[in-house]
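Only one structure is covered here, and it is reproduced in the block below.
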Amino acid sequence: MTTVLHVATTGSDQADGSESRPFRTINHAAQLAQPGDTVLVHEGEYREWVSPKRGGLSNTRRVTYEAAPGEHVVIKGSERITGWHRATNTDTTDTVWQVDVPNEVFGAFNPFAEEIVGDWVVRPIEDGRRKHLGDVYLDGRSFYEVGSPDEVQKPTRREEVRDDWTERMVPVHDPDQTAYVWHARVGTDTTTIWANFHDADPNERLVEVNVRRSVFYPTEHHVDFITVRGFELCQAATPWAPPTADQPGLIGPNWAKGWLIEDNVIHDAKCVAISIGK
């Protein structure tokens with residue numbers, strides 16, 4: 001017998017997952033879903049890492065995760081951050097703000113402490129500008145990392161950037177975006193983030209930071225025959241994926257077979273969006 005498990009932002013993980021008593025989180029449903037079941041997710045924003053406990057048994061007995069028909073469902077690897085105040089250690093503070101984020105928000109994985117490293121990542125280390133997995137978003141627009149609070153104060157708008165593969169300068173898609181920058185320092189208890197919001201007040205707008213490495217990705221291998229359909233998936237702190245190491249993505253099967261990832265809008269993965277490898 002197959003079952004439809006419902007998830008809604010108005011639900012509760014103490015409910016039974018029926019249409020009238022939906023669960024609150026997709027990941028809770030993912031721990032209960034059996035081969036042949038469908039997890040039907042209703043309109044809204046879900047900030048979580050979905051890690052299915054089990055998959056299907058065949059191409060005709062899969063576990064299906066899908067957005068309810070006609071409903072917009074967003075799964076994010078970020079959290080909203082409030083409590084910004086004008087920066088105190090810059091000469092001009094009218095556009096630069098800072099916030100202290102308790103490290104408990106990140107748990108055991110703090111993207112602002114994790115560097116982008118691995119085979120073929122050469123240039124950021126050679127020029128001393130080490131980059132991290134963290135990111136800052138203003139109303140969905142991602143920022144660029146810079147090397148110090150002073151650089152946050154005086155960002156450089158760039159029309160071109162160097163392509164490390166071809167060693168040529170290539171046009172920037174959105175030059176204005178390159179002036180939106182951040183810098184972070186990770187302490188024992190808090191992570192301090194400085195960001196240049198220009199004419200925006202971050203306490204009146206939607207500001208988010210990367211928190212989770214992935215959005216839809218099993219922690220175990222061989223969770224087979226899963227369908228992921230109809231979602232918007234975004235804002236994950238995915239690491240660099242060299243061919244000689246583990247290659248996690250914002251979404252991926254993690255060494256499973258029979259997955260269908262279809263009709264999704266996927267964006268703002270720090271490195272890898274869809275991983276189908278190791």
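For the structure tokens, the naming scheme is as follows: chains receive sequential letters (A, B, ...) according to their order of presentation, residues are indexed from 1 within each chain, and ligands are indexed from 1 in presentation order.
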request  = Mind listing the helix (DSSP H, G or I) residues of range 118-208 of chain A, per DSSP on the backbone, as a list in words?
outcome  = Arg123, Pro124, Ile125, Glu126, Pro149, Asp150, Glu151, Val152, Gln153, Pro175, Asp176, Gln177, Thr178 and Ala179 of chain A
So that each row is one residue of range 136-174 of chain A with an atom at most 12 Å from range 206-218 of chain A, can you give its shortest atom pair and the distance in Å to one decimal, using only C-alpha atoms, rows by chain and rising number, as a tab-separated table?
residue	atom	partner	partner_atom	distance
A:Val136	CA	A:Val209	CA	4.6
A:Tyr137	CA	A:Glu208	CA	5.1
A:Leu138	CA	A:Val207	CA	4.8
A:Asp139	CA	A:Leu206	CA	5.0
A:Gly140	CA	A:Leu206	CA	7.8
A:Arg141	CA	A:Val207	CA	9.2
A:Ser142	CA	A:Glu208	CA	9.2
A:Phe143	CA	A:Val209	CA	10.0
query = Do you know which residues are at most 9 Å from Glu151 in chain A counting only C-alpha atoms, after dropping those on the same chain fewer than 6 positions away, and could you put them as number ranges by chain?
reply = A: 181-183
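The residue that comes closest to Ala269 in chain A, out of A:Leu133, A:Val101, A:Val146, A:Ile193 and on the basis of only C-alpha atoms, is A:Leu133.
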message = Excluding range 155-165 of chain A and its own-chain neighbours fewer than 3 positions away, which residues fall within 7 Å of it when counting only C-alpha atoms? Please give them as an MDAnalysis selection string.
response = chainID A and resid 151:152 168:172 175:176 178:179 181
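Of the listed residues (A:Glu48, A:Asp37, A:Glu43, A:Glu204), A:Glu48 comes nearest to Leu250 in chain A; the distances count only C-alpha atoms.
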request  = Could you tell me which of A:His267, A:Arg21, A:His85, A:His72 comes closest to Leu233 in chain A if we count only C-alpha atoms?
outcome  = A:His267
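Among the candidates A:Gly134, A:Gly36, A:Pro239, A:Gly83, the one nearest to Phe225 in chain A when counting only C-alpha atoms is A:Gly36.
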task = Run DSSP on the backbone and grab whatever in range 120-273 of chain A lands in strand (DSSP E or B); send it over as a ChimeraX atom specification.
result = /A:132,136-138,141-142,144-145,160-163,168-171,181-186,190-196,207-210,216,226-229,232-236,251,260-262,265-269
Let's have the selection written as a tab-separated table (two decimals), in the first residue's frame, with C-alpha atoms.
chain	number	residue	atom	x	y	z
A	132	HIS	CA	35.10	30.41	2.43
A	136	VAL	CA	25.40	36.65	2.47
A	137	TYR	CA	22.20	37.39	0.57
A	138	LEU	CA	20.13	40.58	0.40
A	141	ARG	CA	21.14	38.60	-4.17
A	142	SER	CA	24.45	37.01	-3.17
A	144	TYR	CA	31.19	38.70	-2.80
A	145	GLU	CA	33.71	37.83	-0.08
A	160	GLU	CA	35.74	41.78	-15.63
A	161	VAL	CA	37.23	38.90	-13.67
A	162	ARG	CA	40.00	36.44	-14.44
A	163	ASP	CA	38.99	32.99	-15.72
A	168	ARG	CA	41.82	35.48	-19.66
A	169	MET	CA	39.65	38.30	-18.38
A	170	VAL	CA	35.94	37.68	-18.94
A	171	PRO	CA	32.93	40.03	-18.51
A	181	VAL	CA	30.66	42.49	-0.33
A	182	TRP	CA	31.17	40.80	3.05
A	183	HIS	CA	33.90	39.67	5.39
A	184	ALA	CA	33.67	37.37	8.42
A	185	ARG	CA	35.74	36.45	11.45
A	186	VAL	CA	34.95	33.30	13.38
A	190	THR	CA	30.26	33.99	17.66
A	191	THR	CA	30.90	34.71	14.01
A	192	THR	CA	31.13	38.42	13.20
A	193	ILE	CA	30.03	39.39	9.70
A	194	TRP	CA	30.58	42.78	8.07
A	195	ALA	CA	28.59	43.58	4.92
A	196	ASN	CA	28.16	46.58	2.66
A	207	VAL	CA	19.12	39.13	4.82
A	208	GLU	CA	20.20	35.49	4.89
A	209	VAL	CA	23.49	33.63	5.38
A	210	ASN	CA	24.57	30.13	4.41
A	216	PHE	CA	18.55	17.56	-0.44
A	226	ILE	CA	14.09	8.72	-5.43
A	227	THR	CA	12.31	11.44	-7.40
A	228	VAL	CA	12.70	15.12	-6.51
A	229	ARG	CA	10.31	17.26	-8.52
A	232	GLU	CA	13.09	25.74	-5.79
A	233	LEU	CA	16.33	24.66	-4.09
A	234	CYS	CA	18.93	27.24	-3.09
A	235	GLN	CA	21.52	28.84	-0.80
A	236	ALA	CA	23.71	25.93	0.25
A	251	ILE	CA	21.28	18.14	-4.20
A	260	LEU	CA	15.15	11.53	-11.00
A	261	ILE	CA	15.85	15.22	-10.35
A	262	GLU	CA	13.44	17.08	-12.57
A	265	VAL	CA	14.86	25.59	-10.07
A	266	ILE	CA	18.31	25.30	-8.46
A	267	HIS	CA	20.53	28.29	-7.70
A	268	ASP	CA	23.07	29.81	-5.31
A	269	ALA	CA	25.11	26.74	-4.51
request  = Tell me, in Å to one decimal, how far CA of Ser51 in chain A is from CA of Pro248 in chain A.
outcome  = 12.5 Å
query = Of the residues A:Val39, A:Ile81, A:Leu32, A:Ile116, which is the one nearest to Ala68 in chain A, using only C-alpha atoms?
reply =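 When distances to Ala68 in chain A are compared using only C-alpha atoms, the smallest one comes from A:Val39.
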inquiry  = Env of Glu220 in chain A: 12 Å cut, atoms = only C-alpha atoms, seq-sep filter 3 positions within chain, self excluded. Answer as number ranges by chain.
reply    = A: 51-55, 217, 223-224, 248, 252-256, 278
Distance query Cys271 in chain A at most 8 Å, only C-alpha atoms, self and fewer than 3 positions along chain excluded, as a PDB file with C-alpha atoms, in the first residue's frame:
ATOM      1  CA  ALA A 237      27.331  26.057   1.440  1.00  0.00           C
ATOM      2  CA  THR A 238      28.557  23.293  -0.854  1.00  0.00           C
ATOM      3  CA  PRO A 239      32.338  22.697  -0.922  1.00  0.00           C
ATOM      4  CA  TRP A 240      34.691  22.401  -3.862  1.00  0.00           C
ATOM      5  CA  ALA A 241      34.447  18.951  -5.462  1.00  0.00           C
ATOM      6  CA  GLY A 249      26.235  19.033  -3.878  1.00  0.00           C
TER       7      GLY A 249
END
